[in-house]
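Have a look at start-v2.cif; it's mmCIF, C-alpha atoms:
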```cif
data_data
loop_
_atom_site.label_atom_id
_atom_site.label_comp_id
_atom_site.auth_asym_id
_atom_site.auth_seq_id
_atom_site.Cartn_x
_atom_site.Cartn_y
_atom_site.Cartn_z
CA MET A 1 0.00 0.00 0.00
CA PRO A 2 1.30 3.53 -0.71
CA PRO A 3 2.33 5.40 2.46
CA ILE A 4 0.36 8.40 3.69
CA ALA A 5 2.24 11.22 5.44
CA ILE A 6 0.50 13.23 8.18
CA ASP A 7 1.52 16.62 9.52
CA ALA A 8 1.31 15.80 13.24
CA SER A 9 3.02 18.99 14.43
CA ARG A 10 -0.02 19.90 16.53
CA LEU A 11 0.88 17.03 18.86
CA SER A 12 3.89 19.08 19.99
CA VAL A 13 1.73 21.92 21.40
CA ALA A 14 1.56 21.83 25.20
CA GLU A 15 -1.84 23.49 25.70
CA ARG A 16 -4.32 21.80 23.38
CA THR A 17 -7.26 23.82 22.14
CA GLY A 18 -9.47 23.25 19.08
CA THR A 19 -7.09 22.29 16.26
CA GLU A 20 -4.71 20.47 18.60
CA ARG A 21 -7.53 18.42 20.07
CA TYR A 22 -8.89 17.67 16.59
CA SER A 23 -5.46 16.41 15.45
CA TYR A 24 -4.96 14.25 18.54
CA GLU A 25 -8.42 12.68 18.58
CA LEU A 26 -8.53 12.08 14.83
CA LEU A 27 -5.12 10.38 14.84
CA ALA A 28 -6.19 8.21 17.77
CA ALA A 29 -9.36 7.21 15.93
CA LEU A 30 -7.43 6.52 12.70
CA ALA A 31 -5.17 4.18 14.66
CA ARG A 32 -8.22 2.36 16.07
CA THR A 33 -9.92 2.22 12.66
CA ASP A 34 -7.16 1.47 10.14
CA HIS A 35 -4.66 -1.29 11.02
CA TRP A 36 -3.35 -1.84 7.51
CA HIS A 37 -2.38 1.34 5.70
CA PRO A 38 1.15 2.63 6.46
CA TYR A 39 1.32 6.13 7.94
CA THR A 40 4.25 8.38 8.78
CA LEU A 41 3.59 11.11 11.35
CA TYR A 42 5.89 14.14 11.08
CA THR A 43 6.25 16.18 14.28
CA ASN A 44 8.10 19.34 15.24
CA GLY A 45 10.12 17.86 18.08
CA LEU A 46 8.85 15.29 20.52
CA PRO A 47 5.04 15.23 20.97
CA THR A 48 3.75 16.43 24.32
CA ALA A 49 0.96 13.83 24.02
CA LEU A 50 0.90 10.88 21.65
CA PRO A 51 -2.24 8.77 21.15
CA PRO A 52 -1.96 4.97 21.12
CA LEU A 53 -0.74 3.98 17.65
CA GLY A 54 -0.47 0.66 15.84
CA PRO A 55 2.54 -0.90 14.09
CA ASN A 56 1.45 0.69 10.79
CA PHE A 57 2.31 4.15 12.22
CA THR A 58 5.86 5.54 12.12
CA LEU A 59 6.91 8.69 13.98
CA ARG A 60 9.41 11.13 12.43
CA SER A 61 10.65 14.02 14.56
CA LEU A 62 11.94 17.06 12.64
CA PRO A 63 12.58 19.79 15.24
CA LEU A 64 12.84 23.40 14.11
CA PRO A 65 11.70 26.45 16.15
CA ARG A 66 10.39 28.51 13.20
CA LEU A 67 9.09 27.96 9.65
CA TRP A 68 8.81 24.23 10.32
CA THR A 69 6.15 23.50 7.69
CA HIS A 70 8.08 24.91 4.76
CA ALA A 71 11.71 24.52 5.93
CA ARG A 72 11.60 21.02 7.44
CA LEU A 73 8.41 19.19 6.51
CA GLY A 74 8.42 20.11 2.81
CA PRO A 75 12.03 19.04 2.10
CA ALA A 76 11.50 15.79 4.05
CA LEU A 77 8.49 14.97 1.90
CA VAL A 78 10.51 15.57 -1.27
CA ARG A 79 13.16 13.10 -0.05
CA GLU A 80 10.78 10.44 1.23
CA ARG A 81 8.11 10.71 -1.49
CA PRO A 82 4.89 9.59 0.27
CA ALA A 83 1.88 8.96 -1.95
CA LEU A 84 -0.23 11.55 -0.11
CA LEU A 85 0.06 14.19 2.60
CA PHE A 86 -2.73 14.89 5.08
CA VAL A 87 -2.57 18.23 6.93
CA PRO A 88 -5.11 18.32 9.81
CA ALA A 89 -4.75 22.08 10.36
CA HIS A 90 -4.57 24.62 7.59
CA VAL A 91 -1.14 24.87 5.88
CA VAL A 92 0.15 22.76 2.98
CA PRO A 93 3.96 23.12 2.67
CA LEU A 94 5.38 24.82 -0.41
CA LEU A 95 7.07 21.54 -1.39
CA HIS A 96 4.47 18.80 -1.19
CA PRO A 97 3.10 15.60 -2.71
CA PRO A 98 -0.63 15.31 -3.54
CA SER A 99 -2.33 16.66 -0.40
CA VAL A 100 -5.54 16.82 1.60
CA VAL A 101 -5.94 19.64 4.13
CA THR A 102 -8.52 20.39 6.80
CA LEU A 103 -9.59 24.04 6.95
CA HIS A 104 -11.31 24.85 10.22
CA ASP A 105 -12.69 28.38 9.95
CA LEU A 106 -12.28 31.84 8.48
CA GLY A 107 -12.63 33.77 11.71
CA TYR A 108 -9.87 36.14 10.68
CA LEU A 109 -12.09 37.41 7.83
CA ALA A 110 -15.12 37.81 10.08
CA PHE A 111 -13.08 39.66 12.73
CA PRO A 112 -9.94 41.10 11.14
CA THR A 113 -9.15 43.39 14.09
CA ALA A 114 -8.99 40.39 16.45
CA HIS A 115 -5.55 39.52 15.04
CA PRO A 116 -2.32 41.46 14.72
CA ALA A 117 -1.96 42.65 11.12
CA ARG A 118 0.95 40.32 10.37
CA ARG A 119 -0.91 37.28 11.70
CA TRP A 120 -4.04 38.23 9.73
CA LEU A 121 -2.04 38.39 6.49
CA GLU A 122 -0.39 35.06 7.26
CA LEU A 123 -3.78 33.38 7.81
CA HIS A 124 -5.20 34.88 4.62
CA LEU A 125 -2.25 33.89 2.42
CA THR A 126 -1.84 30.39 3.82
CA THR A 127 -5.55 29.63 3.43
CA ARG A 128 -5.48 30.84 -0.17
CA TRP A 129 -2.34 28.77 -0.82
CA SER A 130 -3.77 25.62 0.78
CA LEU A 131 -6.95 25.92 -1.30
CA HIS A 132 -4.80 26.16 -4.42
CA ALA A 133 -2.27 23.45 -3.52
CA ALA A 134 -4.45 20.70 -2.04
CA ARG A 135 -6.02 17.99 -4.14
CA HIS A 136 -9.03 17.99 -1.80
CA ILE A 137 -10.26 20.03 1.18
CA ILE A 138 -11.96 18.83 4.35
CA ALA A 139 -14.19 21.45 6.01
CA ILE A 140 -15.44 20.85 9.54
CA SER A 141 -18.94 22.26 8.91
CA GLN A 142 -21.24 23.30 6.11
CA ALA A 143 -20.76 26.87 7.38
CA THR A 144 -17.00 26.68 6.82
CA LYS A 145 -17.50 25.16 3.37
CA ALA A 146 -19.89 27.99 2.46
CA ASP A 147 -17.35 30.57 3.70
CA LEU A 148 -14.59 29.05 1.55
CA VAL A 149 -16.81 29.18 -1.52
CA ARG A 150 -18.06 32.71 -0.81
CA HIS A 151 -14.78 34.38 0.17
CA TYR A 152 -12.25 32.49 -1.95
CA GLY A 153 -14.28 31.17 -4.84
CA ALA A 154 -13.39 27.59 -3.90
CA ASP A 155 -14.84 24.79 -6.02
CA PRO A 156 -17.48 23.15 -3.79
CA THR A 157 -16.91 19.77 -5.46
CA ARG A 158 -13.36 19.78 -4.02
CA ILE A 159 -14.64 20.27 -0.45
CA THR A 160 -16.03 17.50 1.77
CA VAL A 161 -17.62 18.26 5.14
CA VAL A 162 -16.49 15.95 7.93
CA TYR A 163 -17.77 16.83 11.40
CA HIS A 164 -15.67 16.59 14.53
CA GLY A 165 -16.14 13.72 16.92
CA LEU A 166 -16.48 13.75 20.68
CA SER A 167 -14.21 12.10 23.21
CA PRO A 168 -15.95 9.55 25.48
CA SER A 169 -14.28 11.29 28.43
CA PHE A 170 -17.02 13.94 28.13
CA ARG A 171 -19.90 12.46 30.09
CA PRO A 172 -21.89 13.44 33.19
CA THR A 173 -19.28 13.53 35.95
CA SER A 174 -19.36 14.40 39.63
CA ASP A 175 -15.96 15.33 41.03
CA PRO A 176 -16.08 17.72 44.02
CA ALA A 177 -12.28 17.69 44.21
CA VAL A 178 -11.99 19.30 40.76
CA LEU A 179 -14.61 21.91 41.64
CA ALA A 180 -12.88 22.64 44.95
CA ARG A 181 -9.52 23.00 43.21
CA HIS A 182 -11.03 25.71 41.02
CA GLY A 183 -12.76 27.44 43.94
CA LEU A 184 -16.31 26.45 42.97
CA GLN A 185 -17.20 24.09 45.82
CA PRO A 186 -16.05 25.34 49.22
CA SER A 187 -14.80 22.70 51.62
CA GLY A 188 -17.58 21.08 53.62
CA GLU A 189 -20.40 22.10 51.26
CA ALA A 190 -22.45 19.31 49.66
CA ALA A 191 -23.01 21.15 46.38
CA PRO A 192 -21.12 23.73 44.33
CA ARG A 193 -22.14 27.34 44.02
CA PRO A 194 -24.47 27.70 41.01
CA TYR A 195 -22.52 28.95 38.01
CA PHE A 196 -22.73 29.56 34.30
CA PHE A 197 -19.68 28.17 32.55
CA TYR A 198 -17.75 29.17 29.42
CA VAL A 199 -14.63 27.53 28.00
CA GLY A 200 -12.60 28.77 25.03
CA THR A 201 -9.92 31.28 24.15
CA LEU A 202 -10.62 34.68 25.70
CA GLN A 203 -10.88 36.89 22.63
CA PRO A 204 -13.38 39.37 21.15
CA ARG A 205 -15.10 37.06 18.66
CA LYS A 206 -16.19 34.86 21.56
CA ASN A 207 -18.50 37.76 22.50
CA LEU A 208 -17.53 37.70 26.15
CA ALA A 209 -17.90 41.46 26.68
CA ARG A 210 -21.56 41.20 25.67
CA LEU A 211 -21.95 38.07 27.82
CA LEU A 212 -20.64 40.08 30.77
CA ASP A 213 -23.19 42.83 30.07
CA ALA A 214 -25.99 40.25 29.88
CA PHE A 215 -24.79 38.56 33.05
CA ALA A 216 -24.76 41.88 34.92
CA SER A 217 -28.33 42.58 33.77
CA ALA A 218 -29.52 39.08 34.69
CA ASN A 219 -27.97 39.31 38.15
CA GLN A 220 -29.89 42.51 38.86
CA ARG A 221 -33.19 40.90 37.84
CA LEU A 222 -32.84 37.54 39.56
CA ALA A 223 -34.76 37.55 42.84
CA ALA A 224 -32.24 35.76 45.00
CA SER A 225 -29.80 36.51 47.76
CA PRO A 226 -26.23 37.22 46.66
CA ASP A 227 -25.11 33.77 47.84
CA GLU A 228 -27.75 32.11 45.63
CA GLN A 229 -27.13 34.13 42.48
CA PRO A 230 -25.08 32.25 39.87
CA LEU A 231 -21.46 33.02 39.20
CA LEU A 232 -20.02 33.38 35.72
CA VAL A 233 -16.95 31.17 35.30
CA LEU A 234 -14.69 31.76 32.28
CA ALA A 235 -12.04 29.16 31.44
CA GLY A 236 -9.49 29.44 28.67
CA ARG A 237 -6.16 30.87 27.74
CA ARG A 238 -5.76 34.54 26.96
CA GLY A 239 -5.95 35.61 23.33
CA TRP A 240 -5.45 38.79 21.31
CA LEU A 241 -7.17 41.82 22.95
CA THR A 242 -8.09 39.86 26.09
CA GLU A 243 -7.46 42.98 28.17
CA THR A 244 -10.67 44.63 26.92
CA ILE A 245 -12.68 41.74 28.35
CA MET A 246 -11.02 42.08 31.74
CA GLN A 247 -11.60 45.84 31.75
CA ARG A 248 -15.29 45.33 31.00
CA ALA A 249 -15.74 42.95 33.95
CA THR A 250 -14.17 45.51 36.28
CA ALA A 251 -16.28 48.39 34.91
CA LEU A 252 -19.48 46.39 35.52
CA GLY A 253 -18.54 45.74 39.13
CA LEU A 254 -18.49 41.99 38.57
CA ARG A 255 -15.17 41.24 40.20
CA ASP A 256 -16.84 39.10 42.92
CA ARG A 257 -19.27 37.41 40.52
CA VAL A 258 -16.90 36.44 37.71
CA ARG A 259 -14.21 33.78 38.06
CA LEU A 260 -11.33 33.54 35.58
CA LEU A 261 -9.78 30.08 35.68
CA GLY A 262 -7.22 30.46 32.89
CA TYR A 263 -6.32 27.44 30.79
CA VAL A 264 -7.98 24.30 32.19
CA PRO A 265 -6.56 20.81 31.51
CA ASP A 266 -8.77 18.50 29.47
CA ALA A 267 -9.08 16.14 32.43
CA ASP A 268 -10.87 18.80 34.51
CA LEU A 269 -13.40 19.88 31.88
CA PRO A 270 -16.03 17.10 32.29
CA ALA A 271 -16.44 17.87 36.00
CA LEU A 272 -16.53 21.64 35.43
CA LEU A 273 -19.11 21.27 32.66
CA SER A 274 -21.22 18.75 34.57
CA GLY A 275 -21.30 20.93 37.67
CA ALA A 276 -22.54 24.02 35.83
CA LEU A 277 -26.07 25.37 35.91
CA ALA A 278 -25.69 25.91 32.16
CA PHE A 279 -23.02 26.36 29.52
CA ALA A 280 -22.97 29.82 27.91
CA PHE A 281 -21.27 30.03 24.53
CA PRO A 282 -22.55 33.14 22.70
CA SER A 283 -19.72 33.24 20.17
CA LEU A 284 -20.10 35.50 17.15
CA TYR A 285 -18.31 33.11 14.83
CA GLU A 286 -17.26 29.44 14.97
CA GLY A 287 -16.10 27.01 12.33
CA PHE A 288 -17.62 24.22 14.43
CA GLY A 289 -18.03 24.85 18.16
CA MET A 290 -16.72 21.73 19.86
CA PRO A 291 -17.35 23.06 23.42
CA VAL A 292 -21.09 23.01 22.67
CA LEU A 293 -20.99 19.25 22.05
CA GLU A 294 -18.74 18.65 25.05
CA ALA A 295 -21.20 20.44 27.32
CA MET A 296 -24.15 18.49 25.89
CA ALA A 297 -22.32 15.20 26.42
CA CYS A 298 -21.85 16.14 30.09
CA GLY A 299 -25.61 16.67 30.48
CA THR A 300 -25.24 20.45 30.75
CA PRO A 301 -27.96 22.74 29.28
CA VAL A 302 -26.46 24.88 26.52
CA LEU A 303 -27.02 28.49 25.53
CA THR A 304 -25.40 29.36 22.21
CA SER A 305 -25.67 31.56 19.12
CA THR A 306 -27.77 31.62 15.97
CA THR A 307 -24.65 32.43 13.91
CA SER A 308 -22.06 30.55 11.80
CA ALA A 309 -21.79 26.79 12.47
CA LEU A 310 -23.35 26.82 15.94
CA PRO A 311 -27.00 26.09 14.96
CA GLU A 312 -25.68 23.35 12.65
CA VAL A 313 -23.88 21.68 15.55
CA ALA A 314 -26.46 22.31 18.29
CA GLY A 315 -29.57 21.33 16.31
CA ASP A 316 -32.66 21.51 18.52
CA ALA A 317 -30.71 20.66 21.67
CA ALA A 318 -29.69 24.17 22.77
CA LEU A 319 -31.25 27.51 23.61
CA LEU A 320 -30.30 29.64 20.58
CA VAL A 321 -30.18 33.43 20.74
CA ASP A 322 -28.97 36.31 18.60
CA PRO A 323 -25.51 36.90 20.08
CA THR A 324 -25.63 40.62 19.27
CA ASP A 325 -28.79 41.13 21.39
CA THR A 326 -27.70 41.73 24.98
CA ASN A 327 -31.28 41.74 26.28
CA ALA A 328 -31.96 38.37 24.63
CA LEU A 329 -28.82 36.94 26.19
CA ALA A 330 -29.83 38.24 29.63
CA ALA A 331 -33.33 36.81 29.24
CA ALA A 332 -31.86 33.44 28.25
CA LEU A 333 -29.59 33.39 31.30
CA ILE A 334 -32.57 34.16 33.54
CA ARG A 335 -34.63 31.37 31.92
CA LEU A 336 -31.83 28.88 32.48
CA ALA A 337 -31.42 29.97 36.10
CA THR A 338 -35.13 29.77 36.94
CA ASP A 339 -36.74 27.22 34.61
CA ALA A 340 -35.89 23.72 35.82
CA PRO A 341 -38.12 21.93 33.23
CA LEU A 342 -36.29 23.78 30.46
CA ARG A 343 -32.93 22.68 31.85
CA THR A 344 -34.17 19.08 32.00
CA ALA A 345 -35.42 19.18 28.41
CA LEU A 346 -32.18 20.68 27.12
CA ARG A 347 -30.15 18.15 29.10
CA THR A 348 -32.07 15.23 27.57
CA ARG A 349 -31.92 16.56 24.01
CA GLY A 350 -28.26 17.48 24.42
CA LEU A 351 -27.21 13.97 25.45
CA THR A 352 -29.01 12.55 22.41
CA ARG A 353 -27.48 15.11 20.07
CA ALA A 354 -23.92 14.66 21.33
CA ALA A 355 -24.10 10.89 20.89
CA GLN A 356 -24.33 11.40 17.11
CA PHE A 357 -20.76 12.76 16.92
CA THR A 358 -17.95 10.20 17.28
CA TRP A 359 -14.28 10.27 16.33
CA GLU A 360 -14.68 6.82 14.76
CA ARG A 361 -17.20 8.26 12.29
CA CYS A 362 -14.89 11.23 11.70
CA ALA A 363 -11.97 8.84 11.04
CA ARG A 364 -13.97 6.69 8.61
CA GLU A 365 -15.15 9.72 6.62
CA THR A 366 -11.64 11.21 6.62
CA LEU A 367 -10.19 7.90 5.40
CA ALA A 368 -12.69 7.87 2.56
CA VAL A 369 -11.44 11.31 1.46
CA LEU A 370 -7.77 10.25 1.76
CA HIS A 371 -8.27 7.05 -0.23
CA ALA A 372 -10.20 8.89 -2.94
CA SER A 373 -7.34 11.44 -3.17
CA LEU A 374 -4.53 8.90 -3.62
CA PRO A 375 -2.96 9.15 -7.08
CA ALA A 376 -4.09 6.47 -9.52
CA LYS A 377 -1.56 3.68 -9.99
#
```

Structure encoded using C-alpha cells:
Amino acid sequence: MPPIAIDASRLSVAERTGTERYSYELLAALARTDHWHPYTLYTNGLPTALPPLGPNFTLRSLPLPRLWTHARLGPALVRERPALLFVPAHVVPLLHPPSVVTLHDLGYLAFPTAHPARRWLELHLTTRWSLHAARHIIAISQATKADLVRHYGADPTRITVVYHGLSPSFRPTSDPAVLARHGLQPSGEAAPRPYFFYVGTLQPRKNLARLLDAFASANQRLAASPDEQPLLVLAGRRGWLTETIMQRATALGLRDRVRLLGYVPDADLPALLSGALAFAFPSLYEGFGMPVLEAMACGTPVLTSTTSALPEVAGDAALLVDPTDTNALAAALIRLATDAPLRTALRTRGLTRAAQFTWERCARETLAVLHASLPAK
C-alpha cells in the first residue's frame, strides 16, 4: 500500500485547544480504525501527548523552532516521497506531494481586528495557498464550506464536510475535588455554588464582553440573595485583545461574581461542565463549536448563538439566541437559572445530540477522502 504522510506537528503543542484536540483525537481514531495502511507522522520535536498507535504508524521528529512547515516538513516529503500528505490544520507546505488539508474556519475574515496585522495576512495567504495546492479540502462544517466558496471562490466539489467527533471522556461527571480545586465548591459544602460556565480562548469574537453585560443585567433581575445568584466562570487561555474583556468585567462591578480560571486541563473539563447550571457560549463566529458538544455530552444545558456553524452543531438541543442582542442573552440566562423543566429538556436533548458525533465516524469519513485522493496507480 502507498504510504500516507500526516503533519502531526499539533501534537507538539503543550496546551491543546481546538485544532490540537482535533489532530490528537482524529489520529487516535485513525489508529483504532485502520490497522493496515502505512502512515508516517511528522512532528516538530517530541510530541507532548501521543495517542496509542499501531505498528502501521511511524513517527518522524523534525525539530525546528520557526518555519517548520516549509523549511523542514516540505524538504523531508521531497526526499521520502509519500503517496499523499494529510494536513489536519490549515497549511500545505510549499514543497508537497498530492495533499488533503482540513480548513477549520475563516474567523480572521469575520473579525480582522482580532488579530495582529501580520498574523491576519499570514492566515489569509496560507488559506489561499492551501486551497490552491491541495487535491481535496476537508471542512469541519457546512458553514465553513460555504465561507470558503463565498470568500475564496473555492470549487465546492473539491470540499467534503467531515464533522468533529467527541471524546468519550465527556460524560456526566461528579468530582467535588476538581470543583474545589477551582474554587467552585467550598470545603464542607455538599453542592457547588451555582454557576454559568464558558470555555474557550478569551478573545473578542467569543462575544464575552456582551456576555458580561448580559450577566450583569440578569444578576440585577434575579430575585435571590447574593449567595444564591449564579457566578459566571470563564475558562481558557488569553488571546489577542483579552485585556478589553477584563476591563469590562471591572467596569461592571463583577469582580466578585466572575471567576477567571485560565487554561484548564482537558481532564478537569467534564467535571466543570457537569457541575454548571448551564453552559454559555454566545460566540459571534465558529467554524464548528466543539465546546457546545462537550457540554451536551456532560448533560449540561447549553445556551449558544444563531450564527455561523453553531446552529448546525447544536440542532434543537440548545437555547439559541442572537448573540448581538444583549437583552436576549440576559433573558436566556434568567430562563436557564429559573426554569428547571427547560434545563431538564435541554439536558435530555443534548445527550441525544452529542451521541451522534464520534471520532470513529470522523476517522472513517476522513479515510474515505484520503483514499479517494490517492494518485491512480

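For the file at hand, the PyMOL selection byres ((chain A and resi 182) around 12) resolves to Asp175, Pro176, Ala177, Val178, Leu179, Ala180, Arg181, Gly183, Leu184, Gln185, Pro186, Ser187, Pro192, Arg193, Val233, Leu234, Ala235, Arg259, Leu260, Leu261, Gly262, Tyr263, Val264, Pro265, Asp268, Leu269, Ala271, Leu272 and Gly275 of chain A.
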
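Coordinates place CA of Pro270 in chain A at a distance of 14.2 Å from CA of Val302 in chain A.
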
Q: Could you state which residues are captured by the PyMOL selection byres ((chain A and resi 330) around 9) in this file, as a PyMOL selection string?
A: chain A and resi 211+213-219+325-329+331-335

Q: Quick one: residues within 9 Å of (-14.4, 13.4, 6.4) (file frame), counting only C-alpha atoms, please, as number ranges by chain.
A: A: 138-140, 160-164, 361-370

Could you write out as JSON the box around range 59-69 of chain A (axis-aligned, all atoms listed in the file, 4 Å on each side), with centre and edge lengths in Å to one decimal?
```
{"center_x": 9.5, "center_y": 18.6, "center_z": 11.9, "size_x": 14.7, "size_y": 27.8, "size_z": 16.5}
```

Give me the residues of range 252-329 of chain A that have any atom at most 12 Å from an atom of range 144-148 of chain A; for each, the nearest atom pair and the distance in Å, rounded to one decimal. Use only C-alpha atoms, sort by chain and number, and format it as CSV.
```
residue,atom,partner,partner_atom,distance
A:Tyr285,CA,A:Thr144,CA,10.4
A:Glu286,CA,A:Thr144,CA,8.6
A:Gly287,CA,A:Thr144,CA,5.6
A:Phe288,CA,A:Thr144,CA,8.0
A:Gly289,CA,A:Thr144,CA,11.5
A:Thr307,CA,A:Thr144,CA,11.9
A:Ser308,CA,A:Thr144,CA,8.1
A:Ala309,CA,A:Thr144,CA,7.4
A:Leu310,CA,A:Thr144,CA,11.1
A:Glu312,CA,A:Thr144,CA,11.0
```

Residues from the last selection, C-alpha atoms, saved as a PDB file, in the coordinates of the input:
```
ATOM      1  CA  TYR A 285     -18.310  33.110  14.830  1.00  0.00           C
ATOM      2  CA  GLU A 286     -17.260  29.440  14.970  1.00  0.00           C
ATOM      3  CA  GLY A 287     -16.100  27.010  12.330  1.00  0.00           C
ATOM      4  CA  PHE A 288     -17.620  24.220  14.430  1.00  0.00           C
ATOM      5  CA  GLY A 289     -18.030  24.850  18.160  1.00  0.00           C
ATOM      6  CA  THR A 307     -24.650  32.430  13.910  1.00  0.00           C
ATOM      7  CA  SER A 308     -22.060  30.550  11.800  1.00  0.00           C
ATOM      8  CA  ALA A 309     -21.790  26.790  12.470  1.00  0.00           C
ATOM      9  CA  LEU A 310     -23.350  26.820  15.940  1.00  0.00           C
ATOM     10  CA  GLU A 312     -25.680  23.350  12.650  1.00  0.00           C
TER      11      GLU A 312
END
```

Q: Can you give me, as a list in words, the residues this file yields under the PyMOL selection byres ((chain A and resi 58-74) around 8)?
A: Asp7, Pro38, Tyr39, Thr40, Leu41, Tyr42, Thr43, Asn44, Gly45, Leu46, Pro55, Asn56, Phe57, Pro75, Ala76, Leu77, Val78, Val91, Val92, Pro93, Leu94, Leu95 and His96 of chain A
